[in-house]
Amino acid sequence: MARFCGDKDSRATLSAADAWKEQCLIGGLSLFYKARVWTAENVESLERFYVDNLDTGEGDFLSKLEKQLADAPKNTIVLCGEMLWVLLLCVSNITPEKKRETISRVISWSGTRLPMKHELLSDHALKGVGGAGSGYNLHRWRELVFLIRLAKQWFELDEVNKDGVLSDPSGLSILLERIEDQDKRQFRYMLLFMLHPDHYERVFGAGDRVKIVSEFTGDRLRQVRALSEHEIDIKLAEVRAKLESEYKTTELDWYVPPLRALWMDTSSKGSTQGGRIVPILQKFLAQTETKSLKTREYPNYHSGLVMRVSLGIGGAAFVPWIAFLAKNQKPTEGIYPVFLYYKEVDMLVLARGVSATKKPALRWQGDDLTTIKSFFDASLGSSPIRYSESYLFSAYSVREGLDLEKIESDLGELIEEYKRLVGTESVQEEPTDYLVDAESSKEEANSVQRLLADPRDDKPATKDLLGREGLVRILKGVIDSESRQHFIVSLFGKWGSGKSSVISILQERYKDSNEDSKDNHFVIFNAWQNGHSQNMTASIAEAFVDKLYSSQSAVKQLWMSLRGQWESGKSVFVFYLIATVLIFVGLSSYLLTQKDWVQEVSSSFAFAAIGLFSTVPSMVWAYLNDPYTEKLQELSKKPDFGAHIGISDAIRKQLQTLLNIYPKVESLSGLKFWQWFRERRNVRYILVVDDLDRCSDKKILETIEAVQLVVNIENVIVILAVDHEVLMRAIANQYRGQRTGLKEKEALILARDFLAKILQVTIMLEQPSLSQRKNFVKHKLYKKLTQDDIENAGGALANQANSLDHVESAYLSKEPMVIDASPINWFEYETDEDEEALFNESDDYLEHSAVEYTFFIQCVDVFNIHNPRALVRLHNVITFVKGLYPEVMEDDSKLRAYIYLVFWFEYYSTCPTSERDKMHDKLGRVSIESYSSIDNLAKDVELNRYSEDEIKKALYRIKNLSLPAVVE
């Protein structure tokens, strides 16, 4: 019975769906008013105003929808609002309050108020039964188009066919096959569940449907994806029937035990603390006595094996378990060590587990294997309710007390036997201690007492609240280890994604090291604030002057000016100045040694006056006419540095002089005089160009040119913090203005090529995960709350988390210009809070192996990469991958696969659209008949050994460290 939804009560949702079916689909009436709203005429009107008038420009979904329906009839607008009610009914990750707000806003455009106390608008009716993911909000406009087209099809049916669709589950599925894009719309799955909950599953994600069928039938993921949606519906029904028979109950749901752990990861991240299982086992046994089904707080690894946890619910038909899986071994098809807790007899069993769903390819070895069934028959005189064919290793009476050390020893012995059998040493192992880094669950702090919240600024953070520490550490390591004297880093991200915070944290890391802070100086240039400047080159140079010269004391400025005159070749002037001072000092000393010095005082003052009047003007002249401020101010007044020959070179010389003489230490006390004239300080300057994406296209281009023309100086590193879409569009518009008939995609490719020539490191900031957002909210906005405050409140975080997701989706409603997904779905990898970079604590990622070198050379040849700058950039991508994801370095074959994918993405990013499907085939299927060099290289790295999800994860990581690909 698919209507069972585990810990979610589906009755209110399904009752509301029944009301919609009777009132609207059959009766043609409104949900909330006494009027005929659900009619063919109103559907056609809505199609005309919305579907035929789609707005693909900027703006959020509701703002654009309001404009589209501005001239629509009243009942058409009401119909649209009620359709949104239908689209949101099943969704549990949007709060009822937010649903009502959305529906009310739309219906208000008709001049009608929404009856907020209506039963179908209650929290109970709108709480939902399943999450739909952020993509459902992002593509809500597409879901609405799908529902309108479905409604049109519905009203074209006669009464007999309508009755058939509503009474026959397969009839509705077949009707949906006629609707365009039905295989891409999540509402398809929701509608089937709402109208036929005993036959269709509460599984609203296409990926989950495919994975479930693949896991329980043994079909490959590619085979399942090739099926139609209707065929997948049938497969799911067959799997359910088999499982209901096996478990002897209809109350089974894919997202709760016992099925959940059979097809999806159940744990969070990290390994067991100190490699010990006993603390986990004690927590597990205690939790089986509660109603809690949470497993995300459990570690994901133990002793190099993946750990899966399943907690029993309901009656005695379920056996809670903890399994330890090697690579390619699954709970549904494989063998594995497993703890089984038979609650009805209070017996904990450590077993050589054997999958019950499908017969495993491997078998446990030994002549003394005893099945759990035999053990129960002999020891307890009864039969086990499940897992009777698994083999006993050891049994422990929970009632009599557990020998914890024996359990630890027994599991270690069994795991050693298992590893010898399956021929593997380790699966991915994460060094993070899960007890330290455990994520707080969603059931913490919804009903927190209202404390006075003090306002928080939105200045860049200097503490890492969004999980950027790993990225900052790797970036600092690359900067510090960089042998080249100049390179440019691009920090790509949308407005508000934390670019400025990454820079601030990077500065703090340099300040933490006293030596680093002396040798590395940050110069912040805000391009937007300098947008009024007529010469961005001089403005950037002035930023250096403000940081390195103008902020110094008058004495230090004088010394720097003298040194500047020396550096500029005016040594004669400096010699004259020094000689004048020496003469003045010498004459004064001579006079003071005379016996009749009082009588000679007038002469002394005369000589002193001569010295002063000859020295002071020279010093003042050197101070006021310094080689920085006056000259740069003069140059910055030029309307266009390109129109004045030699100005850029003059600015460069002035800036180079300043950087050469800038003191390495903070005070003059430790300096030797002659060092100011002989020694060049080994200082690195990090120029940060921020807010560039807020400038006009013209100023963006001027700034990029200025960076290239002026700041290409030794020991200068540039960090461009910018929205990559704005940057690429500005450059593309420049090309289109210069070349008549140049298409947008061609211009974007040229823009990408231009950036590829000047950028050596590219970093794409991804959206913060839910756990990172929670951390930010807790420590930035509500830092006065203690953990005791939260725990004592005893509420739940679910609604707050949903609100965060909804706000995020609103900002993401604009269609992206660069790819985040592929028509063949290779880029449809949805990360969550558990998929975060685990940065390397050591500097191993900066070292290079022979394997990496030889395969890098091989990829250069096969992918035909000639541009040296491109090779530098790709090398940097690989370095960042190794630093952020240490498991890549632990396995040479995985490292080679990642290097291959780095080159693959670079090739894919600019190849013609006609070739992209072929490029996807290089990942999806490498045929024996294929002899292309890229195919052969894919076979060489054994790409087929990795699952599609693993490849998607790798591409997701690589994409966020690479220049974005261009799409039409």
# chains A, B, ... in the order shown; residues from 1 in each chain; ligands from 1
call {"tool": "residues_around", "arguments": {"residues": "Leu720 (chain A)", "least_positions_apart": "4", "cutoff": "7 Å", "atoms": "only C-alpha atoms", "output": "list in words"}}
result
Val489, Ser490, Leu491, Val688, Val689 and Asp690 of chain A
call {"tool": "residues_around", "arguments": {"residues": "Val345 (chain A)", "least_positions_apart": "3", "cutoff": "12 Å", "atoms": "only C-alpha atoms", "output": "list in words"}}
result
Ala316, Val319, Leu340, Tyr341, Tyr342, Leu348, Val349, Phe376, Ser379, Leu380, Gly381, Ser382, Ser383, Pro384, Ile385, Ala395, Tyr396, Ser397, Val398, Arg399 and Glu400 of chain A
call {"tool": "closest_residue", "arguments": {"among": "A:Val129, A:Ala527, A:Leu293, A:Leu84", "to": "Arg202 (chain A)", "atoms": "only C-alpha atoms"}}
result
A:Val129
call {"tool": "select_by_dssp", "arguments": {"residues": "region 131-262 of chain A", "states": "alpha helix (DSSP H)", "output": "number ranges by chain"}}
result
A: 134-138, 140-156, 159-167, 169-176, 187-195, 206-217, 221-225, 229-247, 260-262
call {"tool": "residues_around", "arguments": {"residues": "Tyr247 (chain A)", "least_positions_apart": "3", "cutoff": "9 Å", "atoms": "only C-alpha atoms", "output": "PyMOL selection string"}}
result
chain A and resi 242-244+250+252+317-318+386
call {"tool": "residues_around", "arguments": {"residues": "Val722 (chain A)", "least_positions_apart": "6", "cutoff": "6 Å", "atoms": "only C-alpha atoms", "output": "list in words"}}
result
Phe492, Leu692 and Asp693 of chain A
call {"tool": "atom_distance", "arguments": {"atom1": "CA of Arg420 (chain A)", "atom2": "CA of Lys330 (chain A)"}}
result
17.4 Å
call {"tool": "residues_around", "arguments": {"residues": "Gly275 (chain A)", "least_positions_apart": "2", "cutoff": "9 Å", "atoms": "only C-alpha atoms", "output": "list in words"}}
result
Ser271, Thr272, Gln273, Ile277, His302 and Ser303 of chain A
call {"tool": "write_last_selection", "arguments": {"atoms": "N, CA, C and O atoms", "output": "PDB file, in the first residue's frame"}}
result
ATOM      1  N   SER A 271      34.479   9.061  10.223  1.00  0.00           N
ATOM      2  CA  SER A 271      34.702   7.684  10.658  1.00  0.00           C
ATOM      3  C   SER A 271      34.417   7.548  12.149  1.00  0.00           C
ATOM      4  O   SER A 271      34.313   8.536  12.868  1.00  0.00           O
ATOM      5  N   THR A 272      34.295   6.314  12.572  1.00  0.00           N
ATOM      6  CA  THR A 272      34.102   6.068  13.998  1.00  0.00           C
ATOM      7  C   THR A 272      35.293   6.603  14.780  1.00  0.00           C
ATOM      8  O   THR A 272      36.437   6.494  14.345  1.00  0.00           O
ATOM      9  N   GLN A 273      35.024   7.181  15.921  1.00  0.00           N
ATOM     10  CA  GLN A 273      36.071   7.811  16.719  1.00  0.00           C
ATOM     11  C   GLN A 273      37.057   6.763  17.225  1.00  0.00           C
ATOM     12  O   GLN A 273      36.681   5.792  17.883  1.00  0.00           O
ATOM     13  N   ILE A 277      33.841   0.662  17.581  1.00  0.00           N
ATOM     14  CA  ILE A 277      32.441   0.501  17.230  1.00  0.00           C
ATOM     15  C   ILE A 277      31.532   0.526  18.451  1.00  0.00           C
ATOM     16  O   ILE A 277      30.329   0.811  18.340  1.00  0.00           O
ATOM     17  N   HIS A 302      33.736   2.823   8.913  1.00  0.00           N
ATOM     18  CA  HIS A 302      34.394   2.147  10.021  1.00  0.00           C
ATOM     19  C   HIS A 302      35.406   1.158   9.456  1.00  0.00           C
ATOM     20  O   HIS A 302      35.075   0.319   8.615  1.00  0.00           O
ATOM     21  N   SER A 303      36.646   1.313   9.884  1.00  0.00           N
ATOM     22  CA  SER A 303      37.712   0.396   9.483  1.00  0.00           C
ATOM     23  C   SER A 303      37.808   0.262   7.969  1.00  0.00           C
ATOM     24  O   SER A 303      38.024  -0.812   7.426  1.00  0.00           O
TER      25      SER A 303
END
call {"tool": "atom_distance", "arguments": {"atom1": "CA of Phe544 (chain A)", "atom2": "CA of Val877 (chain A)"}}
result
29.7 Å
call {"tool": "closest_residue", "arguments": {"among": "A:Asp346, A:His118, A:Lys698, A:Arg736", "to": "His532 (chain A)", "atoms": "only C-alpha atoms"}}
result
A:Lys698
call {"tool": "residues_around", "arguments": {"residues": "region 26-40 of chain A", "least_positions_apart": "6", "cutoff": "9 Å", "atoms": "only C-alpha atoms", "output": "list in words"}}
result
Ala19, Trp20, Asn75, Thr76, Val78, Leu79, Glu82, Leu114, Pro115, His118, Leu120, Ala151, Lys152, Trp154, Phe155, Glu156 and Lys162 of chain A
call {"tool": "write_last_selection", "arguments": {"atoms": "N, CA, C and O atoms", "output": "PDB file, in the first residue's frame"}}
result
ATOM      1  N   ALA A  19     -10.712  16.113  -2.487  1.00  0.00           N
ATOM      2  CA  ALA A  19     -11.594  17.275  -2.620  1.00  0.00           C
ATOM      3  C   ALA A  19     -11.340  17.985  -3.950  1.00  0.00           C
ATOM      4  O   ALA A  19     -12.280  18.400  -4.639  1.00  0.00           O
ATOM      5  N   TRP A  20     -10.061  18.124  -4.304  1.00  0.00           N
ATOM      6  CA  TRP A  20      -9.718  18.746  -5.596  1.00  0.00           C
ATOM      7  C   TRP A  20     -10.260  17.925  -6.764  1.00  0.00           C
ATOM      8  O   TRP A  20     -10.801  18.473  -7.727  1.00  0.00           O
ATOM      9  N   ASN A  75     -11.421  34.937 -13.398  1.00  0.00           N
ATOM     10  CA  ASN A  75     -11.439  33.493 -13.149  1.00  0.00           C
ATOM     11  C   ASN A  75     -10.177  32.803 -13.664  1.00  0.00           C
ATOM     12  O   ASN A  75      -9.794  31.750 -13.154  1.00  0.00           O
ATOM     13  N   THR A  76      -9.544  33.369 -14.672  1.00  0.00           N
ATOM     14  CA  THR A  76      -8.277  32.818 -15.164  1.00  0.00           C
ATOM     15  C   THR A  76      -7.195  32.954 -14.098  1.00  0.00           C
ATOM     16  O   THR A  76      -6.407  32.027 -13.862  1.00  0.00           O
ATOM     17  N   VAL A  78      -7.741  33.275 -10.825  1.00  0.00           N
ATOM     18  CA  VAL A  78      -8.090  32.383  -9.717  1.00  0.00           C
ATOM     19  C   VAL A  78      -7.687  30.951 -10.047  1.00  0.00           C
ATOM     20  O   VAL A  78      -7.158  30.228  -9.201  1.00  0.00           O
ATOM     21  N   LEU A  79      -7.918  30.526 -11.283  1.00  0.00           N
ATOM     22  CA  LEU A  79      -7.514  29.190 -11.706  1.00  0.00           C
ATOM     23  C   LEU A  79      -6.010  29.001 -11.548  1.00  0.00           C
ATOM     24  O   LEU A  79      -5.551  27.953 -11.070  1.00  0.00           O
ATOM     25  N   GLU A  82      -5.179  28.486  -7.899  1.00  0.00           N
ATOM     26  CA  GLU A  82      -5.563  27.162  -7.426  1.00  0.00           C
ATOM     27  C   GLU A  82      -4.673  26.074  -8.009  1.00  0.00           C
ATOM     28  O   GLU A  82      -4.426  25.042  -7.365  1.00  0.00           O
ATOM     29  N   LEU A 114      -8.171  35.654  -0.533  1.00  0.00           N
ATOM     30  CA  LEU A 114      -8.147  34.222  -0.275  1.00  0.00           C
ATOM     31  C   LEU A 114      -8.727  33.944   1.113  1.00  0.00           C
ATOM     32  O   LEU A 114      -8.305  34.564   2.094  1.00  0.00           O
ATOM     33  N   PRO A 115      -9.675  33.027   1.220  1.00  0.00           N
ATOM     34  CA  PRO A 115     -10.247  32.697   2.535  1.00  0.00           C
ATOM     35  C   PRO A 115      -9.259  31.867   3.369  1.00  0.00           C
ATOM     36  O   PRO A 115      -9.228  30.634   3.296  1.00  0.00           O
ATOM     37  N   HIS A 118     -10.061  28.623   5.272  1.00  0.00           N
ATOM     38  CA  HIS A 118     -10.629  27.486   4.534  1.00  0.00           C
ATOM     39  C   HIS A 118      -9.894  26.209   4.942  1.00  0.00           C
ATOM     40  O   HIS A 118      -8.680  26.197   5.158  1.00  0.00           O
ATOM     41  N   LEU A 120      -8.988  23.648   3.305  1.00  0.00           N
ATOM     42  CA  LEU A 120      -7.955  23.210   2.374  1.00  0.00           C
ATOM     43  C   LEU A 120      -6.713  24.099   2.415  1.00  0.00           C
ATOM     44  O   LEU A 120      -5.735  23.833   1.714  1.00  0.00           O
ATOM     45  N   ALA A 151      -4.282  19.835 -17.897  1.00  0.00           N
ATOM     46  CA  ALA A 151      -5.679  20.233 -17.728  1.00  0.00           C
ATOM     47  C   ALA A 151      -6.370  20.372 -19.085  1.00  0.00           C
ATOM     48  O   ALA A 151      -7.550  20.010 -19.241  1.00  0.00           O
ATOM     49  N   LYS A 152      -5.657  20.891 -20.056  1.00  0.00           N
ATOM     50  CA  LYS A 152      -6.235  21.014 -21.399  1.00  0.00           C
ATOM     51  C   LYS A 152      -6.574  19.640 -21.959  1.00  0.00           C
ATOM     52  O   LYS A 152      -7.652  19.431 -22.545  1.00  0.00           O
ATOM     53  N   TRP A 154      -7.186  16.998 -20.215  1.00  0.00           N
ATOM     54  CA  TRP A 154      -8.267  16.453 -19.398  1.00  0.00           C
ATOM     55  C   TRP A 154      -9.638  16.911 -19.899  1.00  0.00           C
ATOM     56  O   TRP A 154     -10.564  16.125 -20.040  1.00  0.00           O
ATOM     57  N   PHE A 155      -9.768  18.195 -20.159  1.00  0.00           N
ATOM     58  CA  PHE A 155     -11.064  18.724 -20.570  1.00  0.00           C
ATOM     59  C   PHE A 155     -11.418  18.375 -22.016  1.00  0.00           C
ATOM     60  O   PHE A 155     -12.549  18.615 -22.447  1.00  0.00           O
ATOM     61  N   GLU A 156     -10.458  17.822 -22.753  1.00  0.00           N
ATOM     62  CA  GLU A 156     -10.761  17.348 -24.102  1.00  0.00           C
ATOM     63  C   GLU A 156     -11.298  15.917 -24.090  1.00  0.00           C
ATOM     64  O   GLU A 156     -11.780  15.420 -25.105  1.00  0.00           O
ATOM     65  N   LYS A 162     -12.766  10.162 -18.964  1.00  0.00           N
ATOM     66  CA  LYS A 162     -12.422  10.800 -17.689  1.00  0.00           C
ATOM     67  C   LYS A 162     -12.581   9.811 -16.542  1.00  0.00           C
ATOM     68  O   LYS A 162     -11.728   9.709 -15.661  1.00  0.00           O
TER      69      LYS A 162
END
call {"tool": "closest_atom_pairs", "arguments": {"of": "region 205-283 of chain A", "to": "region 8-17 of chain A", "cutoff": "12 Å", "atoms": "only C-alpha atoms", "output": "CSV"}}
result
residue,atom,partner,partner_atom,distance
A:Asp253,CA,A:Lys8,CA,10.3
A:Tyr255,CA,A:Lys8,CA,10.4
A:Val256,CA,A:Lys8,CA,10.1
